[in-house]
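Student: As input, take my_file31.txt (compact mmCIF, C-alpha atoms and all ligand atoms):
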```txt
# COMPACT_ATOMS: atom_id res chain seq x y z
CA MET A 1 83.38 -69.68 217.83
CA MET A 2 85.94 -68.01 215.58
CA GLN A 3 85.13 -68.26 211.91
CA GLU A 4 87.53 -68.32 208.98
CA ILE A 5 87.30 -64.94 207.25
CA TYR A 6 88.12 -66.34 203.80
CA GLY A 7 85.11 -68.63 203.94
CA ILE A 8 82.59 -65.83 204.47
CA THR A 9 80.47 -64.57 201.57
CA LEU A 10 79.72 -60.88 201.14
CA GLU A 11 76.10 -61.49 202.14
CA GLU A 12 77.18 -63.18 205.35
CA LEU A 13 79.58 -60.38 206.18
CA LYS A 14 76.82 -57.83 205.56
CA ALA A 15 74.59 -59.74 207.97
CA TRP A 16 77.38 -59.75 210.54
CA MET A 17 77.74 -55.96 210.16
CA GLN A 18 74.05 -55.52 210.73
CA GLN A 19 74.12 -57.68 213.85
CA ASN A 20 77.01 -55.64 215.13
CA GLY A 21 75.38 -52.26 214.49
CA GLN A 22 77.57 -51.39 211.53
CA PRO A 23 76.58 -50.08 208.10
CA GLN A 24 76.50 -52.84 205.46
CA PHE A 25 78.91 -51.09 203.09
CA ARG A 26 81.69 -52.00 205.51
CA ALA A 27 81.42 -55.57 204.22
CA GLY A 28 82.42 -54.49 200.68
CA GLN A 29 85.20 -52.40 202.17
CA ILE A 30 86.59 -55.43 203.99
CA PHE A 31 86.33 -57.58 200.85
CA GLY A 32 88.40 -54.92 199.07
CA TRP A 33 91.05 -55.23 201.75
CA LEU A 34 91.01 -59.02 201.74
CA TYR A 35 91.00 -59.72 198.02
CA GLY A 36 92.03 -56.49 196.29
CA LYS A 37 94.75 -55.22 198.58
CA GLN A 38 95.35 -58.71 199.98
CA ALA A 39 95.67 -57.48 203.56
CA LEU A 40 96.94 -60.03 206.06
CA SER A 41 95.29 -58.68 209.20
CA PHE A 42 92.41 -56.47 210.28
CA ASP A 43 94.96 -54.00 211.65
CA GLN A 44 96.00 -53.15 208.11
CA MET A 45 92.43 -52.04 207.32
CA THR A 46 93.18 -48.47 208.30
CA ASP A 47 89.87 -46.96 207.19
CA LEU A 48 87.96 -49.01 209.78
CA GLY A 49 87.72 -47.71 213.34
CA ALA A 50 89.83 -49.41 216.00
CA PRO A 51 86.83 -50.85 217.94
CA LEU A 52 85.47 -52.48 214.77
CA ARG A 53 88.87 -53.92 213.90
CA ALA A 54 89.15 -55.37 217.40
CA LYS A 55 85.66 -56.86 217.16
CA LEU A 56 86.47 -58.41 213.79
CA ALA A 57 89.72 -59.88 215.14
CA GLU A 58 87.74 -61.48 217.99
CA SER A 59 85.28 -63.07 215.57
CA PHE A 60 87.35 -64.16 212.58
CA HIS A 61 90.76 -65.61 211.97
CA PHE A 62 92.88 -65.27 208.90
CA SER A 63 95.27 -67.66 207.29
CA THR A 64 94.78 -71.40 207.22
CA LEU A 65 97.11 -72.64 204.47
CA LYS A 66 100.83 -72.77 204.99
CA GLN A 67 102.90 -72.94 201.83
CA VAL A 68 105.21 -75.96 201.99
CA ARG A 69 106.72 -75.83 198.51
CA ILE A 70 106.22 -74.85 194.91
CA LEU A 71 107.39 -77.11 192.09
CA ARG A 72 107.79 -75.67 188.63
CA SER A 73 107.66 -77.85 185.51
CA GLU A 74 110.65 -77.75 183.19
CA ASP A 75 108.75 -75.94 180.45
CA GLY A 76 107.63 -73.34 182.99
CA GLU A 77 103.96 -73.83 182.08
CA THR A 78 102.85 -75.43 185.31
CA GLU A 79 103.47 -74.81 188.97
CA LYS A 80 102.30 -77.11 191.72
CA PHE A 81 101.73 -75.73 195.21
CA LEU A 82 101.75 -77.93 198.27
CA TRP A 83 99.98 -76.53 201.34
CA GLU A 84 99.78 -77.68 204.90
CA LEU A 85 96.38 -77.24 206.53
CA GLN A 86 95.88 -76.37 210.16
CA ASP A 87 95.43 -79.98 211.20
CA GLY A 88 98.66 -80.96 209.43
CA LYS A 89 96.93 -82.53 206.41
CA LYS A 90 98.29 -81.55 203.02
CA VAL A 91 96.70 -80.53 199.78
CA GLU A 92 97.90 -79.49 196.32
CA THR A 93 96.86 -76.86 193.78
CA VAL A 94 98.10 -76.45 190.22
CA LEU A 95 98.63 -73.18 188.35
CA ILE A 96 98.65 -73.48 184.57
CA TYR A 97 100.14 -70.80 182.32
CA SER A 98 98.88 -70.79 178.75
CA ALA A 99 99.20 -67.74 176.50
CA ASP A 100 97.62 -64.97 178.54
CA ARG A 101 95.53 -67.31 180.70
CA ARG A 102 96.30 -68.09 184.29
CA THR A 103 94.19 -71.07 185.31
CA VAL A 104 94.08 -72.49 188.79
CA CYS A 105 93.16 -76.13 189.27
CA VAL A 106 91.62 -76.20 192.75
CA SER A 107 91.26 -79.10 195.18
CA SER A 108 87.98 -79.53 197.03
CA GLN A 109 88.84 -82.39 199.39
CA VAL A 110 91.81 -84.12 200.99
CA GLY A 111 91.76 -87.46 199.21
CA CYS A 112 88.69 -88.41 197.19
CA PRO A 113 85.72 -90.73 197.77
CA ALA A 114 85.35 -91.62 194.07
CA ARG A 115 88.35 -93.96 193.91
CA CYS A 116 88.48 -94.16 190.12
CA SER A 117 90.76 -96.99 189.03
CA PHE A 118 93.12 -94.75 187.03
CA CYS A 119 93.49 -91.83 189.46
CA ALA A 120 96.04 -91.23 192.21
CA SER A 121 93.82 -88.90 194.25
CA GLY A 122 91.35 -91.52 195.43
CA LYS A 123 93.74 -94.33 196.23
CA GLN A 124 93.21 -93.92 199.97
CA GLY A 125 89.65 -92.70 199.77
CA LEU A 126 88.34 -89.53 201.35
CA ILE A 127 90.27 -88.07 204.28
CA ARG A 128 88.18 -84.95 204.79
CA ASN A 129 86.36 -82.10 203.11
CA LEU A 130 88.07 -78.75 202.69
CA SER A 131 86.32 -75.75 204.20
CA SER A 132 85.22 -72.92 201.91
CA ALA A 133 88.09 -70.85 203.35
CA GLU A 134 90.63 -73.54 202.46
CA ILE A 135 89.29 -73.60 198.90
CA VAL A 136 89.30 -69.79 198.58
CA GLU A 137 92.76 -69.45 200.06
CA GLN A 138 94.33 -71.74 197.44
CA VAL A 139 93.35 -69.16 194.85
CA LEU A 140 94.10 -66.14 197.01
CA GLN A 141 97.65 -67.24 197.70
CA ILE A 142 98.26 -67.99 194.02
CA ASP A 143 96.79 -64.61 193.11
CA ARG A 144 99.28 -63.07 195.51
CA HIS A 145 102.07 -65.11 193.91
CA LEU A 146 101.10 -63.75 190.47
CA LYS A 147 100.58 -60.19 191.61
CA GLY A 148 104.31 -59.52 191.74
CA ARG A 149 104.36 -59.97 187.98
CA GLY A 150 101.26 -57.89 187.44
CA GLU A 151 99.16 -60.98 186.66
CA ARG A 152 95.97 -62.39 188.11
CA VAL A 153 94.10 -65.66 188.23
CA CYS A 154 91.40 -65.51 185.52
CA HIS A 155 90.16 -69.10 185.11
CA LEU A 156 89.30 -71.73 187.69
CA VAL A 157 88.71 -75.44 187.33
CA PHE A 158 87.59 -77.71 190.17
CA MET A 159 89.72 -80.51 188.83
CA GLY A 160 92.27 -80.92 191.59
CA MET A 161 91.95 -83.48 194.34
CA GLY A 162 88.46 -84.43 195.47
CA GLU A 163 84.90 -84.71 194.21
CA PRO A 164 83.40 -81.19 194.38
CA MET A 165 79.79 -82.43 194.45
CA GLU A 166 80.54 -84.38 197.65
CA ASN A 167 81.57 -81.14 199.34
CA TYR A 168 78.73 -79.17 197.83
CA GLU A 169 78.12 -76.33 200.32
CA ALA A 170 81.77 -75.37 200.71
CA VAL A 171 82.33 -75.48 196.94
CA VAL A 172 79.28 -73.32 196.17
CA LYS A 173 80.22 -70.82 198.85
CA ALA A 174 83.76 -70.59 197.48
CA ILE A 175 82.36 -70.05 193.97
CA ARG A 176 80.22 -67.15 195.27
CA ILE A 177 83.37 -65.57 196.68
CA PHE A 178 85.31 -66.16 193.45
CA CYS A 179 82.56 -64.48 191.42
CA SER A 180 81.93 -61.60 193.78
CA PRO A 181 82.84 -58.24 192.16
CA ASP A 182 84.17 -57.14 195.54
CA ALA A 183 86.48 -60.17 195.75
CA PHE A 184 88.07 -62.01 192.80
CA HIS A 185 85.44 -61.00 190.22
CA ILE A 186 86.06 -64.10 188.12
CA SER A 187 83.30 -64.57 185.57
CA GLN A 188 81.06 -67.61 186.02
CA ARG A 189 81.89 -68.52 182.43
CA ARG A 190 85.48 -68.95 183.47
CA ILE A 191 84.77 -71.40 186.27
CA THR A 192 84.34 -75.12 185.63
CA VAL A 193 83.14 -77.72 188.10
CA SER A 194 84.12 -81.24 187.19
CA THR A 195 82.22 -84.21 188.62
CA VAL A 196 82.35 -87.97 188.51
CA GLY A 197 78.55 -87.77 188.16
CA VAL A 198 76.74 -87.14 191.43
CA VAL A 199 73.17 -86.71 190.23
CA GLU A 200 71.76 -84.77 193.23
CA GLY A 201 74.69 -82.36 193.09
CA ILE A 202 74.30 -81.72 189.37
CA LEU A 203 70.56 -81.02 189.75
CA ARG A 204 71.11 -78.81 192.77
CA LEU A 205 73.84 -76.80 191.07
CA ALA A 206 71.54 -76.25 188.10
CA LYS A 207 69.13 -74.38 190.39
CA GLU A 208 71.70 -72.05 191.96
CA GLU A 209 72.09 -68.65 190.42
CA LEU A 210 75.53 -69.70 189.33
CA LYS A 211 75.98 -70.43 185.68
CA VAL A 212 79.33 -72.14 185.92
CA ASN A 213 80.52 -74.64 183.35
CA LEU A 214 80.01 -78.29 184.07
CA ALA A 215 82.39 -81.06 183.11
CA LEU A 216 81.39 -84.68 183.48
CA SER A 217 84.03 -87.37 183.88
CA LEU A 218 82.49 -89.98 181.61
CA HIS A 219 85.47 -92.13 180.55
CA ALA A 220 83.36 -94.91 179.03
CA SER A 221 80.79 -95.28 176.28
CA ASN A 222 78.55 -97.69 178.16
CA GLN A 223 77.47 -98.48 181.70
CA ASN A 224 79.20 -101.87 181.85
CA LEU A 225 82.63 -100.54 181.09
CA ARG A 226 82.09 -97.46 183.24
CA LYS A 227 81.27 -99.69 186.22
CA LYS A 228 84.61 -101.42 185.81
CA LEU A 229 86.56 -98.16 185.83
CA ILE A 230 84.60 -96.00 188.25
CA PRO A 231 83.14 -97.39 191.49
CA TYR A 232 80.67 -94.46 191.63
CA ALA A 233 79.06 -95.79 188.47
CA ARG A 234 77.36 -98.39 190.69
CA LYS A 235 75.62 -95.62 192.55
CA TYR A 236 74.39 -93.65 189.54
CA SER A 237 73.72 -95.12 186.11
CA MET A 238 75.08 -93.40 183.05
CA GLU A 239 71.55 -92.79 181.83
CA GLU A 240 70.58 -90.99 185.06
CA ILE A 241 73.75 -88.92 184.98
CA ILE A 242 73.32 -87.85 181.38
CA THR A 243 69.70 -86.90 182.04
CA ALA A 244 70.87 -84.71 184.94
CA VAL A 245 73.61 -83.16 182.83
CA ASP A 246 71.09 -82.42 180.05
CA ALA A 247 68.90 -80.69 182.64
CA TYR A 248 71.90 -78.66 183.78
CA SER A 249 72.66 -77.59 180.24
CA HIS A 250 69.00 -76.72 179.56
CA HIS A 251 68.68 -74.70 182.77
CA THR A 252 71.94 -72.78 182.57
CA LYS A 253 72.34 -72.60 178.76
CA ARG A 254 75.88 -73.82 179.19
CA ASP A 255 77.47 -76.43 176.96
CA ILE A 256 78.75 -79.49 178.70
CA THR A 257 82.22 -80.91 178.56
CA TYR A 258 82.56 -84.69 178.73
CA GLU A 259 85.97 -85.73 179.96
CA TYR A 260 87.30 -88.97 178.60
CA THR A 261 90.57 -90.37 179.90
CA LEU A 262 91.95 -92.64 177.19
CA LEU A 263 93.28 -95.96 178.49
CA ALA A 264 95.13 -98.20 176.04
CA GLY A 265 93.19 -101.30 175.05
CA ILE A 266 90.33 -100.49 177.43
CA ASN A 267 88.26 -97.56 176.21
CA ASP A 268 90.26 -96.30 173.21
CA THR A 269 88.95 -98.51 170.40
CA ILE A 270 87.05 -97.35 167.33
CA GLU A 271 84.03 -99.29 168.63
CA SER A 272 84.14 -97.22 171.83
CA ALA A 273 84.42 -94.00 169.83
CA THR A 274 81.46 -94.99 167.66
CA GLU A 275 79.37 -95.89 170.69
CA LEU A 276 80.33 -92.62 172.40
CA ALA A 277 79.36 -90.61 169.31
CA GLU A 278 75.98 -92.35 169.28
CA LEU A 279 75.48 -91.62 172.99
CA LEU A 280 76.20 -87.90 172.60
CA LYS A 281 74.52 -87.41 169.23
CA GLY A 282 72.73 -84.07 168.96
CA LYS A 283 74.01 -82.69 172.26
CA GLN A 284 75.67 -79.29 172.62
CA CYS A 285 78.87 -80.59 174.06
CA THR A 286 82.58 -81.09 173.72
CA VAL A 287 84.49 -84.25 174.46
CA ASN A 288 87.78 -83.52 176.16
CA LEU A 289 90.18 -86.37 175.46
CA ILE A 290 92.79 -86.84 178.18
CA PRO A 291 95.43 -89.44 177.40
CA TYR A 292 96.08 -91.39 180.60
CA ASN A 293 98.82 -89.96 182.80
CA PRO A 294 100.85 -92.64 184.55
CA VAL A 295 100.23 -93.15 188.25
CA GLU A 296 102.59 -95.19 190.41
CA GLY A 297 101.22 -98.59 191.28
CA ILE A 298 98.49 -98.52 188.62
CA ARG A 299 98.98 -100.86 185.68
CA LEU A 300 97.37 -98.98 182.87
CA ASP A 301 98.86 -97.49 179.72
CA ARG A 302 98.51 -94.38 177.65
CA PRO A 303 97.39 -95.18 174.09
CA GLU A 304 99.69 -94.67 171.12
CA LYS A 305 99.38 -91.31 169.43
CA ARG A 306 97.81 -92.81 166.30
CA ASP A 307 95.12 -94.54 168.39
CA ILE A 308 94.29 -91.26 170.08
CA GLU A 309 94.09 -89.58 166.68
CA GLN A 310 91.88 -92.31 165.31
CA PHE A 311 89.56 -92.05 168.33
CA ARG A 312 89.34 -88.33 167.85
CA GLU A 313 88.67 -88.56 164.11
CA THR A 314 85.91 -91.11 164.66
CA LEU A 315 84.14 -88.66 166.97
CA GLU A 316 84.73 -85.63 164.73
CA GLU A 317 83.44 -87.44 161.63
CA ARG A 318 80.22 -88.06 163.54
CA GLY A 319 79.83 -84.39 164.39
CA ILE A 320 81.14 -84.46 167.97
CA CYS A 321 83.46 -81.57 168.92
CA THR A 322 86.61 -82.69 170.61
CA THR A 323 89.56 -81.15 172.36
CA TRP A 324 92.67 -83.00 173.20
CA ARG A 325 94.04 -82.02 176.55
CA PHE A 326 97.66 -81.39 175.99
CA THR A 327 99.25 -82.83 179.09
CA LYS A 328 100.99 -80.26 181.21
CA GLY A 329 103.09 -80.71 184.29
CA LYS A 330 103.83 -84.43 184.01
CA ASP A 331 107.41 -83.99 185.21
CA ILE A 332 106.17 -82.60 188.53
CA ALA A 333 103.20 -85.01 188.84
CA ALA A 334 100.75 -82.16 188.41
CA ALA A 335 98.84 -83.58 185.45
CA CYS A 336 95.23 -84.84 185.66
CA GLY A 337 94.93 -87.70 188.09
CA GLN A 338 98.42 -87.37 189.49
CA LEU A 339 97.65 -85.32 192.59
CA ALA A 340 98.24 -87.78 195.39
CA LEU A 341 97.91 -87.71 199.10
CA GLN A 342 101.03 -86.23 200.70
CA GLN A 343 102.18 -87.46 204.07
N1 LIG B 1 86.31 -85.73 191.00
C1 LIG B 1 86.16 -84.84 189.88
C2 LIG B 1 87.33 -83.92 189.74
C3 LIG B 1 88.60 -84.54 189.24
S1 LIG B 1 89.01 -83.74 187.77
C4 LIG B 1 85.88 -85.63 188.63
O1 LIG B 1 85.86 -86.85 188.70
O2 LIG B 1 85.58 -85.05 187.60
C5 LIG B 1 90.30 -84.62 187.17
C6 LIG B 1 90.03 -85.25 185.81
O3 LIG B 1 91.17 -86.04 185.44
C7 LIG B 1 88.85 -86.21 185.86
O4 LIG B 1 88.18 -86.23 184.64
C8 LIG B 1 89.57 -87.51 186.11
O5 LIG B 1 88.78 -88.61 185.82
C9 LIG B 1 90.78 -87.37 185.22
N2 LIG B 1 91.87 -88.28 185.59
C10 LIG B 1 92.04 -88.91 186.77
N3 LIG B 1 93.14 -89.68 186.75
C11 LIG B 1 93.69 -89.51 185.54
C12 LIG B 1 94.88 -90.03 184.91
N4 LIG B 1 95.69 -90.84 185.56
N5 LIG B 1 95.15 -89.63 183.65
C13 LIG B 1 94.33 -88.79 183.00
N6 LIG B 1 93.22 -88.26 183.54
C14 LIG B 1 92.89 -88.63 184.79
```
Can the structure from this file be put into structure tokens for me?
Tutor:
Amino acid sequence: MMQEIYGITLEELKAWMQQNGQPQFRAGQIFGWLYGKQALSFDQMTDLGAPLRAKLAESFHFSTLKQVRILRSEDGETEKFLWELQDGKKVETVLIYSADRRTVCVSSQVGCPARCSFCASGKQGLIRNLSSAEIVEQVLQIDRHLKGRGERVCHLVFMGMGEPMENYEAVVKAIRIFCSPDAFHISQRRITVSTVGVVEGILRLAKEELKVNLALSLHASNQNLRKKLIPYARKYSMEEIITAVDAYSHHTKRDITYEYTLLAGINDTIESATELAELLKGKQCTVNLIPYNPVEGIRLDRPEKRDIEQFRETLEERGICTTWRFTKGKDIAAACGQLALQQ
């Protein structure tokens, strides 16, 4: 069976070389062609012999994502890419420009099984997992898009459509390719995996030799409220999740980010902030406050600015570090929670 070349790790390609009587260094050479020179076929890899190129072309195929359109936000700080997959399904990726950073917000699934009440991505549930190649290619094509301007992707967040921990193998494989010095060479410190709180996934990721950042979508200061907002909260209690996240932080020495989408009149009160501060007391963490971004058909509101400020101050006064995610890309529906299934 033909395999997708962009989903193959360097180790796997080395093994393939060995099985095919080739020296292992050829694998690094091919990675250089794929990700450095961004070759589009084996024929372009002129320093490989013709028989090897033919053998590779029989075993692996190339492109899977077809670019349908790119939308650019008015302020020019966000671009949203829509791709068509080989089976006709569609998926989106967001590129965020901030100062000298080029951050790609990657999707890991078509649709999402988490079905959080405030998010557009899970409205129709999970359609299917993306392959590791489909994840890698989102970044590769955007890297190609930036290359013309002499820029490169330097930060990655798994915060697009999907729940990365429910597509664990493909996500981890893609991360290995992103980090590989022969491919994208993106530092593990510049990659963040965001999860709704899948305990097994968090514990498993802690044991990989991948010290990526972990973000937990908490969104509530207690289990009762969380259950109302996030169906997955019925599967894993907040206590279990936080224990797993603590283990992750201990194992990897990485600080944790807790994401907290602020919903007017629901989780944005001073009482919630006080309870949240108590919950996170003494932890090496940051709370990322994300004011709710409107989603069609969902009747929730973004809090007033002064309520957001008050929430933030309540946390800060109690020693909790906060960041306030400045919403980008709202005019092109590219902000958190706005990536929806495209027909
Ligand atoms: N499934 C993963 C990845 C999604 S990341 C996760 O749950 O973490 C996207 C982040 O944006 C999550 O924290 C998500 O809860 C948040 N989000 C979803 N819908 C939103 C909305 N309408 N407004 C603001 N943030 C939202």
Student: Which residues form the shell of 6 Å around ligand LIG 1 (chain B) when you count all atoms listed in the file, given as a JSON list (two decimals) with C-alpha atoms, in the coordinates of the input?
Tutor:
```
[["chain", "number", "residue", "atom", "x", "y", "z"],
["A", 118, "PHE", "CA", 93.12, -94.75, 187.03],
["A", 119, "CYS", "CA", 93.49, -91.83, 189.46],
["A", 159, "MET", "CA", 89.72, -80.51, 188.83],
["A", 160, "GLY", "CA", 92.27, -80.92, 191.59],
["A", 162, "GLY", "CA", 88.46, -84.43, 195.47],
["A", 163, "GLU", "CA", 84.90, -84.71, 194.21],
["A", 194, "SER", "CA", 84.12, -81.24, 187.19],
["A", 195, "THR", "CA", 82.22, -84.21, 188.62],
["A", 196, "VAL", "CA", 82.35, -87.97, 188.51],
["A", 216, "LEU", "CA", 81.39, -84.68, 183.48],
["A", 217, "SER", "CA", 84.03, -87.37, 183.88],
["A", 259, "GLU", "CA", 85.97, -85.73, 179.96],
["A", 261, "THR", "CA", 90.57, -90.37, 179.90],
["A", 290, "ILE", "CA", 92.79, -86.84, 178.18],
["A", 291, "PRO", "CA", 95.43, -89.44, 177.40],
["A", 292, "TYR", "CA", 96.08, -91.39, 180.60],
["A", 293, "ASN", "CA", 98.82, -89.96, 182.80],
["A", 294, "PRO", "CA", 100.85, -92.64, 184.55],
["A", 295, "VAL", "CA", 100.23, -93.15, 188.25],
["A", 336, "CYS", "CA", 95.23, -84.84, 185.66],
["A", 337, "GLY", "CA", 94.93, -87.70, 188.09],
["A", 338, "GLN", "CA", 98.42, -87.37, 189.49]]
```
Student: Quick one: residues within 12 Å of (98.4, -102.3, 181.0) (file frame), counting all atoms listed in the file, please, as a PyMOL selection string.
Tutor: chain A and resi 118+263-266+292+294-295+297-303
Student: Can you list every residue of segment 118-208 of chain A that has an atom at most 12 Å from segment 68-80 of chain A, with its nearest atom pair and the distance in Å to one decimal, using only C-alpha atoms, ordered by chain then number, as CSV?
Tutor:
```
residue,atom,partner,partner_atom,distance
A:Gln138,CA,A:Lys80,CA,11.2
A:Gln141,CA,A:Ile70,CA,11.8
A:Ile142,CA,A:Glu79,CA,10.0
A:His145,CA,A:Ile70,CA,10.6
A:Leu146,CA,A:Glu79,CA,11.4
A:Gly160,CA,A:Lys80,CA,10.7
```
Student: Write a file of the selected residues as a CSV table (one decimal), in the coordinates of the input, keeping C-alpha atoms.
Tutor:
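Below is the file out_10.csv, written as the result:
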```csv
chain,number,residue,atom,x,y,z
A,138,GLN,CA,94.3,-71.7,197.4
A,141,GLN,CA,97.6,-67.2,197.7
A,142,ILE,CA,98.3,-68.0,194.0
A,145,HIS,CA,102.1,-65.1,193.9
A,146,LEU,CA,101.1,-63.8,190.5
A,160,GLY,CA,92.3,-80.9,191.6
```
Student: To one decimal place, how far is atom CA of Ser249 of chain A from atom CA of Ile320 of chain A in Å?
Tutor: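 These atoms are spaced 16.4 Å apart.
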Student: I'd like the neighbourhood of segment 29-46 of chain A as a list in words, where a residue qualifies if any of its atoms comes within 7 Å (using all atoms listed in the file), though same-chain residues fewer than 3 positions away should be ignored.
Tutor: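 Once the nearby chain positions are removed, what remains is Phe25, Arg26, Arg53, Ala57, Asp182, Ala183 and Phe184 of chain A.
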Student: Within 9 Å of Ile191 of chain A, counting all atoms listed in the file, which residues qualify if same-chain residues fewer than 6 places away don't, as a ChimeraX atom specification?
Tutor: /A:154-158,175,178-179,211-214
Student: So, counting all atoms listed in the file, which residue among A:Pro231, A:Ser221, A:Arg254, A:Met161 is closest to Leu315 of chain A?
Tutor: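 With all atoms listed in the file as the atom set, the closest residue is A:Ser221.
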Student: Could you state the separation of atom CA of Lys90 of chain A and atom CA of Arg190 of chain A in Å, given to one decimal place?
Tutor: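 Separating atom CA of Lys90 of chain A from atom CA of Arg190 of chain A is a distance of 26.6 Å.
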Student: Applying 6 Å and all atoms listed in the file, which residues near Gly125 of chain A remain after dropping the ones on its own chain fewer than 5 positions away? List them as a count of residues only.
Tutor: 3
Student: Any idea what the distance is between atom CA of Ala233 of chain A and atom CA of Ser117 of chain A?
Tutor: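 A separation of 11.8 Å between them.
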Student: Looking at A:Glu137, A:Thr103, A:Asp307, A:Gly28, which one is nearest to Glu4 of chain A, with distances taken over all atoms listed in the file?
Tutor: A:Glu137
Student: Could you give me, as a list in words, the residues within 8 Å of segment 198-202 of chain A, counting all atoms listed in the file and dropping anything in the same chain fewer than 5 positions from it?
Tutor: Met165, Glu166, Tyr168, Tyr236, Glu240, Ile241, Ala244, Val245 and Tyr248 of chain A
Student: Which is closer to Val104 of chain A than all the others in A:Ala334, A:Arg325, A:Asn224, A:Leu262, using only C-alpha atoms?
Tutor: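 Going through A:Ala334, A:Arg325, A:Asn224, A:Leu262 one by one, the smallest distance to Val104 of chain A is for A:Ala334.
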